[in-house]
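Listing of data-v3.txt, compact mmCIF, C-alpha atoms and all ligand atoms
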# COMPACT_ATOMS: atom_id res chain seq x y z
CA MET X 1 155.12 131.08 -20.97
CA ASP X 2 157.90 130.00 -23.29
CA SER X 3 158.94 133.46 -24.26
CA THR X 4 162.35 134.50 -23.10
CA PRO X 5 162.74 137.61 -20.95
CA ALA X 6 164.07 140.29 -23.22
CA PRO X 7 167.74 141.19 -22.94
CA ALA X 8 168.37 144.62 -21.56
CA THR X 9 170.79 145.69 -24.24
CA SER X 10 168.05 147.40 -26.24
CA GLY X 11 166.20 149.03 -23.38
CA GLN X 12 165.82 149.20 -19.67
CA PHE X 13 164.38 146.15 -18.00
CA LEU X 14 163.70 145.04 -14.48
CA LEU X 15 163.95 141.34 -13.77
CA VAL X 16 161.70 140.30 -10.90
CA ALA X 17 161.83 136.88 -9.26
CA CYS X 18 158.79 135.14 -7.80
CA ARG X 19 157.67 131.70 -6.75
CA GLY X 20 156.95 129.53 -9.79
CA GLY X 21 153.23 129.84 -10.54
CA ALA X 22 152.84 133.32 -9.04
CA GLU X 23 153.83 135.19 -12.23
CA ALA X 24 150.30 136.32 -13.16
CA GLU X 25 149.65 137.60 -9.63
CA LEU X 26 152.97 139.45 -9.66
CA VAL X 27 151.89 141.17 -12.89
CA ARG X 28 148.47 141.97 -11.44
CA ARG X 29 150.16 143.72 -8.50
CA GLN X 30 152.55 145.56 -10.86
CA GLU X 31 149.62 146.88 -12.89
CA ALA X 32 148.05 148.25 -9.70
CA VAL X 33 151.20 149.54 -7.99
CA VAL X 34 153.49 150.69 -10.84
CA PRO X 35 151.39 150.98 -14.01
CA GLN X 36 154.24 153.07 -15.51
CA VAL X 37 156.15 149.89 -16.40
CA ARG X 38 155.09 147.15 -18.81
CA LYS X 39 155.46 143.43 -18.60
CA ALA X 40 157.98 142.38 -21.22
CA ALA X 41 158.26 138.61 -20.96
CA TRP X 42 158.17 135.87 -18.42
CA ARG X 43 159.31 132.41 -17.63
CA ARG X 44 158.46 130.31 -14.63
CA GLY X 45 159.94 132.13 -11.62
CA VAL X 46 160.92 135.34 -13.42
CA VAL X 47 159.06 138.25 -15.03
CA THR X 48 160.75 141.14 -16.82
CA PHE X 49 159.28 144.64 -16.97
CA ARG X 50 160.17 147.36 -19.40
CA LEU X 51 160.95 150.70 -17.75
CA ASP X 52 160.60 152.72 -20.97
CA PRO X 53 157.57 151.28 -22.78
CA PRO X 54 156.94 152.82 -26.22
CA GLY X 55 155.13 156.14 -25.95
CA HIS X 56 156.02 156.61 -22.28
CA PRO X 57 158.86 158.52 -20.67
CA PRO X 58 161.46 156.29 -18.98
CA PHE X 59 160.32 155.45 -15.47
CA ASP X 60 162.79 155.70 -12.62
CA PRO X 61 161.32 153.36 -10.00
CA PRO X 62 161.57 154.52 -6.39
CA ARG X 63 164.00 152.49 -4.30
CA ASP X 64 162.37 149.27 -3.06
CA PHE X 65 159.03 149.96 -4.79
CA TRP X 66 158.96 146.23 -5.60
CA THR X 67 158.33 145.25 -1.99
CA ASP X 68 154.70 146.37 -2.61
CA LEU X 69 154.45 143.79 -5.39
CA VAL X 70 153.96 141.12 -2.66
CA PHE X 71 154.87 138.27 -4.99
CA ALA X 72 158.26 139.78 -5.91
CA ARG X 73 161.12 138.00 -4.17
CA THR X 74 163.75 140.37 -5.42
CA CYS X 75 164.17 142.91 -8.20
CA VAL X 76 167.21 143.33 -10.44
CA HIS X 77 168.12 145.91 -13.08
CA SER X 78 168.76 143.65 -16.04
CA LEU X 79 171.92 144.24 -18.06
CA GLY X 80 171.57 141.38 -20.53
CA GLN X 81 172.21 137.71 -21.12
CA VAL X 82 175.42 135.77 -21.42
CA ALA X 83 176.02 132.41 -23.04
CA GLY X 84 179.39 130.95 -24.00
CA ASP X 85 181.35 127.74 -24.19
CA ASP X 86 182.04 127.37 -20.49
CA ASP X 87 181.72 129.11 -17.12
CA ALA X 88 184.99 130.99 -17.62
CA ALA X 89 183.71 132.51 -20.88
CA ARG X 90 180.36 133.38 -19.33
CA VAL X 91 182.01 134.98 -16.30
CA ALA X 92 184.21 137.11 -18.57
CA ALA X 93 181.15 138.15 -20.62
CA ALA X 94 179.18 138.97 -17.47
CA LEU X 95 181.94 141.20 -16.07
CA ALA X 96 182.36 142.93 -19.43
CA MET X 97 178.65 143.77 -19.37
CA ALA X 98 178.47 144.94 -15.76
CA ALA X 99 180.64 147.88 -14.80
CA GLY X 100 181.60 147.66 -11.12
CA PRO X 101 182.61 148.29 -8.48
CA TRP X 102 180.57 145.58 -6.76
CA GLN X 103 180.46 144.79 -3.06
CA ASN X 104 178.83 141.38 -3.39
CA VAL X 105 177.72 138.82 -5.96
CA HIS X 106 174.40 136.96 -5.86
CA VAL X 107 174.11 133.86 -7.98
CA TRP X 108 170.70 132.19 -8.02
CA ALA X 109 168.69 129.91 -10.25
CA ARG X 110 165.40 130.94 -11.85
CA ASP X 111 164.15 127.42 -11.25
CA PRO X 112 165.13 125.97 -7.84
CA ALA X 113 165.21 122.52 -9.48
CA LEU X 114 168.09 123.56 -11.76
CA GLU X 115 171.20 121.59 -10.99
CA ALA X 116 173.96 124.14 -11.28
CA SER X 117 177.15 124.84 -9.38
CA VAL X 118 175.99 128.10 -7.85
CA GLU X 119 178.91 128.29 -5.40
CA ALA X 120 181.54 127.63 -8.08
CA ILE X 121 180.06 130.28 -10.39
CA ARG X 122 179.92 132.78 -7.54
CA SER X 123 183.56 132.10 -6.64
CA ARG X 124 184.60 132.77 -10.23
CA LEU X 125 182.57 135.97 -10.40
CA LEU X 126 183.94 137.20 -7.06
CA ALA X 127 187.50 136.56 -8.21
CA ALA X 128 186.91 138.21 -11.59
CA ALA X 129 185.29 141.23 -9.93
CA GLY X 130 188.17 141.44 -7.46
CA ILE X 131 186.02 141.33 -4.34
CA THR X 132 186.43 139.31 -1.20
CA ALA X 133 182.84 139.05 0.10
CA THR X 134 182.57 135.73 1.86
CA THR X 135 178.96 135.78 2.98
CA THR X 136 176.25 135.73 0.34
CA ILE X 137 174.17 138.04 2.53
CA ALA X 138 174.78 141.56 1.27
CA ALA X 139 175.17 144.49 3.64
CA PRO X 140 172.62 147.31 3.42
CA GLY X 141 173.79 149.74 0.73
CA ASP X 142 175.92 147.17 -1.13
CA ARG X 143 175.88 147.28 -4.92
CA VAL X 144 175.23 143.66 -5.79
CA LEU X 145 176.04 141.96 -9.10
CA ASP X 146 173.27 139.44 -9.86
CA CYS X 147 173.81 136.37 -11.97
CA VAL X 148 170.49 134.60 -12.58
CA LEU X 149 170.89 131.10 -13.96
CA ASP X 150 168.23 130.41 -16.57
CA SER X 151 170.08 127.20 -17.38
CA ALA X 152 173.60 126.03 -16.68
CA GLU X 153 174.66 127.57 -20.01
CA ARG X 154 172.61 130.74 -20.13
CA TRP X 155 172.66 133.42 -17.46
CA TRP X 156 171.06 136.81 -17.05
CA VAL X 157 173.26 139.50 -15.60
CA GLY X 158 171.95 142.42 -13.59
CA TRP X 159 172.46 144.39 -10.44
CA HIS X 160 170.63 145.81 -7.45
CA ARG X 161 171.33 147.87 -4.36
CA ALA X 162 170.80 145.92 -1.12
CA ALA X 163 168.45 147.57 1.36
CA THR X 164 165.46 145.60 2.70
CA PRO X 165 166.23 142.21 4.27
CA PRO X 166 165.05 140.17 1.24
CA SER X 167 167.16 142.32 -1.09
CA ARG X 168 170.20 141.19 0.91
CA TRP X 169 169.51 137.48 0.20
CA PRO X 170 170.39 135.87 -3.16
CA GLY X 171 167.21 135.73 -5.22
CA GLY X 172 165.28 137.07 -2.20
CA ILE X 173 165.30 133.55 -0.79
CA TYR X 174 165.50 133.38 2.98
CA PRO X 175 168.85 131.88 3.98
CA GLY X 176 167.64 130.60 7.36
CA THR X 177 167.21 126.88 7.90
CA LEU X 178 164.85 124.75 9.96
CA PRO X 179 166.49 123.66 13.22
CA PRO X 180 166.23 119.92 13.97
CA SER X 181 164.26 120.76 17.13
CA ALA X 182 161.46 122.51 15.20
CA VAL X 183 158.19 120.58 15.25
CA SER X 184 156.96 121.99 11.92
CA ARG X 185 158.05 124.08 8.94
CA ALA X 186 155.88 126.90 10.28
CA TRP X 187 158.88 127.66 12.55
CA LEU X 188 160.87 128.69 9.47
CA LYS X 189 157.99 130.63 7.91
CA LEU X 190 157.60 132.71 11.05
CA ASP X 191 161.38 133.09 11.25
CA GLU X 192 161.37 134.50 7.70
CA ALA X 193 158.41 136.78 8.47
CA ILE X 194 160.28 138.14 11.50
CA ALA X 195 163.49 138.63 9.48
CA THR X 196 161.55 140.34 6.68
CA PHE X 197 159.21 142.66 8.56
CA GLU X 198 161.06 142.94 11.86
CA PRO X 199 157.99 143.12 14.13
CA ALA X 200 159.07 144.15 17.63
CA LEU X 201 158.49 140.83 19.41
CA ASP X 202 159.74 141.37 22.93
CA PRO X 203 160.22 138.95 25.82
CA GLY X 204 157.30 139.01 28.22
CA GLN X 205 154.74 139.93 25.57
CA ARG X 206 151.72 137.68 25.03
CA ALA X 207 150.84 136.07 21.71
CA VAL X 208 147.88 133.96 20.65
CA GLU X 209 147.96 131.83 17.52
CA LEU X 210 144.87 130.63 15.63
CA GLY X 211 145.73 127.34 13.91
CA ALA X 212 148.62 126.46 16.18
CA ALA X 213 149.10 122.70 15.79
CA PRO X 214 151.59 121.07 15.64
CA GLY X 215 153.32 124.15 17.01
CA GLY X 216 156.38 125.32 15.05
CA ALA X 217 155.30 128.95 15.01
CA CYS X 218 154.45 128.85 18.73
CA GLN X 219 157.92 127.38 19.31
CA ARG X 220 159.48 130.34 17.46
CA LEU X 221 157.44 132.79 19.55
CA LEU X 222 158.46 130.97 22.76
CA GLU X 223 162.11 131.23 21.67
CA ALA X 224 161.59 134.99 21.30
CA GLY X 225 160.59 135.01 24.96
CA LEU X 226 156.84 135.49 24.56
CA ASP X 227 154.07 133.83 26.53
CA VAL X 228 152.00 131.89 24.00
CA VAL X 229 148.46 130.53 23.74
CA GLY X 230 147.84 128.18 20.81
CA ILE X 231 144.26 127.72 19.60
CA ASP X 232 143.57 124.60 17.56
CA PRO X 233 141.23 121.61 17.82
CA ALA X 234 144.21 119.44 16.83
CA LEU X 235 146.85 118.50 19.37
CA VAL X 236 150.04 120.50 19.68
CA ASP X 237 153.31 118.54 19.77
CA PRO X 238 154.15 117.42 23.35
CA VAL X 239 157.48 119.28 23.24
CA VAL X 240 155.66 122.57 22.73
CA ALA X 241 152.74 121.64 25.00
CA ALA X 242 155.16 121.04 27.88
CA HIS X 243 156.75 124.49 27.63
CA PRO X 244 156.07 126.48 30.84
CA ARG X 245 155.12 129.60 28.89
CA PHE X 246 152.72 127.75 26.56
CA MET X 247 149.05 126.92 26.89
CA GLN X 248 146.70 125.32 24.38
CA TRP X 249 143.01 126.13 24.02
CA ARG X 250 141.84 123.04 22.19
CA LYS X 251 138.99 124.66 20.26
CA ARG X 252 138.14 126.19 16.92
CA ALA X 253 138.84 129.92 16.79
CA ARG X 254 135.14 130.83 16.65
CA ASP X 255 134.41 128.82 19.80
CA VAL X 256 136.69 131.06 21.87
CA LYS X 257 134.82 133.86 23.64
CA LEU X 258 135.89 137.24 22.31
CA ARG X 259 136.77 138.62 25.72
CA GLU X 260 139.41 135.85 25.99
CA PHE X 261 141.40 137.67 23.30
CA ARG X 262 141.91 140.74 25.51
CA GLY X 263 145.43 141.46 26.69
CA PHE X 264 147.36 139.81 23.86
CA ASP X 265 150.14 141.81 22.19
CA TRP X 266 150.26 139.70 19.03
CA LEU X 267 147.56 137.87 17.11
CA VAL X 268 149.14 135.20 14.92
CA CYS X 269 147.06 133.20 12.46
CA ASP X 270 147.95 130.19 10.33
CA MET X 271 144.68 128.32 9.80
CA ASN X 272 144.41 126.09 6.76
CA ILE X 273 141.03 127.48 5.75
CA ASP X 274 139.73 129.70 2.97
CA PRO X 275 141.24 133.22 3.14
CA VAL X 276 137.77 134.78 3.35
CA SER X 277 137.11 132.73 6.49
CA THR X 278 140.51 133.74 7.87
CA MET X 279 139.69 137.41 7.29
CA GLU X 280 136.28 137.00 8.96
CA SER X 281 137.92 135.33 11.92
CA LEU X 282 140.55 138.07 12.29
CA GLY X 283 137.98 140.86 11.87
CA ARG X 284 135.68 139.35 14.48
CA ILE X 285 138.53 139.29 17.00
CA VAL X 286 140.30 142.62 16.42
CA THR X 287 137.06 144.64 16.30
CA ALA X 288 135.83 143.16 19.58
CA PRO X 289 135.61 145.57 22.55
CA GLY X 290 138.84 145.68 24.56
CA VAL X 291 140.84 143.58 22.06
CA ARG X 292 143.78 145.63 20.78
CA PRO X 293 146.90 143.69 19.79
CA ARG X 294 150.01 145.65 18.76
CA GLY X 295 150.19 143.58 15.66
CA ILE X 296 148.86 140.75 13.55
CA ILE X 297 150.96 138.13 11.76
CA ALA X 298 148.61 136.23 9.46
CA THR X 299 148.89 133.67 6.70
CA LEU X 300 146.25 133.91 4.00
CA LYS X 301 146.16 130.59 2.16
CA LEU X 302 145.34 130.82 -1.54
CA PRO X 303 143.45 127.77 -2.83
CA GLU X 304 144.35 129.12 -6.29
CA TRP X 305 146.85 131.88 -7.04
CA SER X 306 144.05 133.90 -8.66
CA ARG X 307 142.39 134.33 -5.26
CA ALA X 308 145.08 136.96 -4.63
CA ALA X 309 142.92 139.28 -6.74
CA ALA X 310 141.15 140.04 -3.45
CA LEU X 311 144.38 141.06 -1.73
CA PRO X 312 143.75 144.84 -2.06
CA ASP X 313 140.38 144.35 -0.32
CA TRP X 314 141.94 142.26 2.43
CA LEU X 315 144.68 144.83 3.01
CA ALA X 316 141.98 147.55 3.10
CA SER X 317 140.21 145.54 5.82
CA PHE X 318 143.39 145.51 7.91
CA ARG X 319 143.59 149.31 7.51
CA GLY X 320 139.90 149.59 8.41
CA TRP X 321 140.59 147.70 11.63
CA GLY X 322 143.32 150.27 12.46
CA PHE X 323 146.43 148.39 11.31
CA ARG X 324 149.19 149.13 8.77
CA PRO X 325 149.60 145.93 6.74
CA GLN X 326 152.63 144.76 4.77
CA ALA X 327 152.39 141.60 2.71
CA ARG X 328 154.78 139.14 1.09
CA GLN X 329 154.68 135.70 -0.40
CA LEU X 330 157.44 134.29 1.76
CA SER X 331 160.14 132.22 0.08
CA THR X 332 159.62 129.49 2.70
CA GLY X 333 155.83 129.64 2.30
CA GLY X 334 153.64 127.87 -0.19
CA ARG X 335 150.70 129.25 -2.17
CA GLU X 336 149.87 131.85 0.45
CA VAL X 337 150.57 135.39 1.52
CA CYS X 338 151.94 136.51 4.87
CA VAL X 339 150.54 139.77 6.24
CA VAL X 340 152.28 141.55 9.10
CA ALA X 341 150.19 144.47 10.33
CA ARG X 342 151.11 146.87 13.10
CA ALA X 343 148.48 148.80 15.03
CA SER X 344 148.29 152.35 13.65
CA LYS X 345 147.89 153.82 17.14
CA PRO X 346 149.34 151.41 19.68
C1 LIG K 401 149.08 124.85 8.61
S1 LIG K 401 148.49 124.15 10.09
C2 LIG K 401 149.19 125.26 11.26
C3 LIG K 401 150.64 125.07 11.51
C4 LIG K 401 151.04 125.72 12.79
N1 LIG K 401 150.91 127.16 12.74
C5 LIG K 401 152.44 125.38 13.23
O1 LIG K 401 153.16 126.31 13.61
O2 LIG K 401 152.81 124.22 13.25
C6 LIG K 401 146.81 124.65 10.09
C7 LIG K 401 146.08 124.38 11.36
O3 LIG K 401 144.90 125.15 11.36
C8 LIG K 401 143.98 124.46 12.18
N2 LIG K 401 142.64 125.00 11.98
C9 LIG K 401 141.86 124.92 10.88
N3 LIG K 401 140.70 125.56 11.11
C10 LIG K 401 140.74 126.06 12.36
C11 LIG K 401 139.85 126.82 13.18
N4 LIG K 401 138.66 127.18 12.73
N5 LIG K 401 140.25 127.17 14.40
C12 LIG K 401 141.48 126.82 14.86
N6 LIG K 401 142.37 126.10 14.15
C13 LIG K 401 142.00 125.73 12.92
C14 LIG K 401 144.14 123.01 11.76
O4 LIG K 401 143.66 122.14 12.76
C15 LIG K 401 145.66 122.93 11.57
O5 LIG K 401 146.29 122.40 12.71
As structure tokens, how would this structure be written, given the file I've shared?
Ligand SMILES: C[S@@+](CC[C@H](N)C(=O)[O-])C[C@H]1O[C@@H](n2cnc3c(N)ncnc32)[C@H](O)[C@@H]1O
Amino acid sequence: MDSTPAPATSGQFLLVACRGGAEAELVRRQEAVVPQVRKAAWRRGVVTFRLDPPGHPPFDPPRDFWTDLVFARTCVHSLGQVAGDDDAARVAAALAMAAGPWQNVHVWARDPALEASVEAIRSRLLAAAGITATTTIAAPGDRVLDCVLDSAERWWVGWHRAATPPSRWPGGIYPGTLPPSAVSRAWLKLDEAIATFEPALDPGQRAVELGAAPGGACQRLLEAGLDVVGIDPALVDPVVAAHPRFMQWRKRARDVKLREFRGFDWLVCDMNIDPVSTMESLGRIVTAPGVRPRGIIATLKLPEWSRAAALPDWLASFRGWGFRPQARQLSTGGREVCVVARASKP
């Protein structure tokens, strides 16, 4: 835990960011998905992987392979570390290490609790690199210089090519914010899931959410123009309950008759129950006669991070039900995984 991610000067390293605590699960996914690379070192929130482990040919990872790592927020080709007397010295050292041209600069802290002047450092790096990017959100295709703050005095320098939505956000952290009108943080989680996986939520479609109270996710679906049914024994916030396109079924999911789930385009699920129970609940619904949503957006809560060991089995279940699942530990989510699964044959 205290080891320092190896500098890249002596080899080729990937630096992968994750939520603090999820490091072991990130490595478990790496071993399954890209066994060609080796874990080098880790600190809370960051794991480095060696691309040319001894005795193996250098591995050239396919573009965006890291999105299959589920717990990876973003992935950077590490160039090395910089220290120095002050920010000016560190900026000069970073630019000397990283040959441009760059189209954007992402500055982010390994530990979100680190008090560092991210904006000031980014401004200096932008000026030194001679680029005028104003938004931190990179455009697809941009070559992005990454400056990862381990501490205020020690930075890792690396780069990546922006492509998927999370790779366009500094540190893979969703830049959206919770609107004051939102009744719960689930609004922002669903907003991030939509921005990440881009499910085709269209006005006029019907969605049903299991575990709907107090209603932030339903609110987000209503804002997208869908008709929404929220299932929860707990009461939904009156603001959401009063919406003309919303209805609550005040029951537990298993007390709803299966035929009631017919005709919904989206099955959304955010119950605070064991993930095995969530999977049973989803399976019972989507394998019922006449129930065929276009997609599922589900949160699988992890009582411990190690429960993610079952993730391959859960994703296999989604495939067995006729869906193509993608999974990510959202930056706005807690110890949980979001699965967005589209029907294989709509
Ligand atoms: C994390 S909260 C959901 C937040 C909600 N999605 C939102 O947007 O505000 C979890 C909810 O799951 C509900 N829940 C737990 N078990 C349930 C079950 N068997 N059926 C339906 N809802 C359930 C709880 O009552 C609780 O309101």
**Message:** Using all atoms listed in the file, which residues have at least one atom no more than 9 Å from ligand LIG 401 (chain K)? Output them as an MDAnalysis selection string.
**Reply:** chainID X and resid 183:187 189:190 209:220 230:237 250:255 268:273 277:278 281
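Compared by their closest atoms to Ala288 of chain X, and using only C-alpha atoms, the residues X:Ala24, X:Leu258, X:Val340, X:Ala327 rank with X:Leu258 nearest.
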Can you pull out every residue within 10 Å of Pro112 of chain X, counting only C-alpha atoms, but drop anything in the same chain fewer than 5 positions away, and send it as a short mmCIF file (atom, residue, chain, number, x, y, z; two decimals) with C-alpha atoms, in the coordinates of the input?
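Writing done, so here's result_36.cif:
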data_model
loop_
_atom_site.label_atom_id
_atom_site.label_comp_id
_atom_site.auth_asym_id
_atom_site.auth_seq_id
_atom_site.Cartn_x
_atom_site.Cartn_y
_atom_site.Cartn_z
CA ARG X 19 157.67 131.70 -6.75
CA GLY X 20 156.95 129.53 -9.79
CA GLY X 45 159.94 132.13 -11.62
CA LEU X 149 170.89 131.10 -13.96
#
Taking 3 positions as the minimum chain separation for residues in the same chain, which residues sit within 6 Å of segment 299-312 of chain X when counting all atoms listed in the file? Answer as a compact mmCIF listing (two decimals) with C-alpha atoms, in the frame of the given file.
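The resulting around-v9.txt:
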# COMPACT_ATOMS: atom_id res chain seq x y z
CA ASP X 270 147.95 130.19 10.33
CA PRO X 275 141.24 133.22 3.14
CA LEU X 315 144.68 144.83 3.01
CA ARG X 335 150.70 129.25 -2.17
CA GLU X 336 149.87 131.85 0.45
CA VAL X 337 150.57 135.39 1.52
CA CYS X 338 151.94 136.51 4.87
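When atom CA of Ala162 of chain X is paired with atom CA of Ala127 of chain X, their separation reads 20.4 Å.
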**Message:** For a quick check of understanding, using only C-alpha atoms, which of X:Phe49, X:Trp42, X:Phe318, X:Trp156 has the smallest distance to Gln30 of chain X?
**Reply:** X:Phe49
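Between atom CA of Ser78 of chain X and atom CA of Thr48 of chain X the separation is 8.4 Å.
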**Asked** At what distance in Å, to one decimal, does atom CA of Thr67 of chain X lie from atom CA of Leu267 of chain X?
**Response**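 A separation of 23.1 Å between them.
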**Prompt:** So, counting only C-alpha atoms, which residue among X:Thr74, X:Gln81, X:Gln205, X:Ser344 is closest to Cys18 of chain X?
**Reply:** X:Thr74
**Request:** Would you mind listing what lies within 8 Å of segment 96-107 of chain X as a VMD selection string, with only C-alpha atoms counted and same-chain residues fewer than 2 positions away left out?
**Result:** chain X and resid 79 to 80 92 to 94 109 118 to 119 121 to 122 125 to 126 129 131 133 136 138 142 to 149 157 to 158 169 to 171
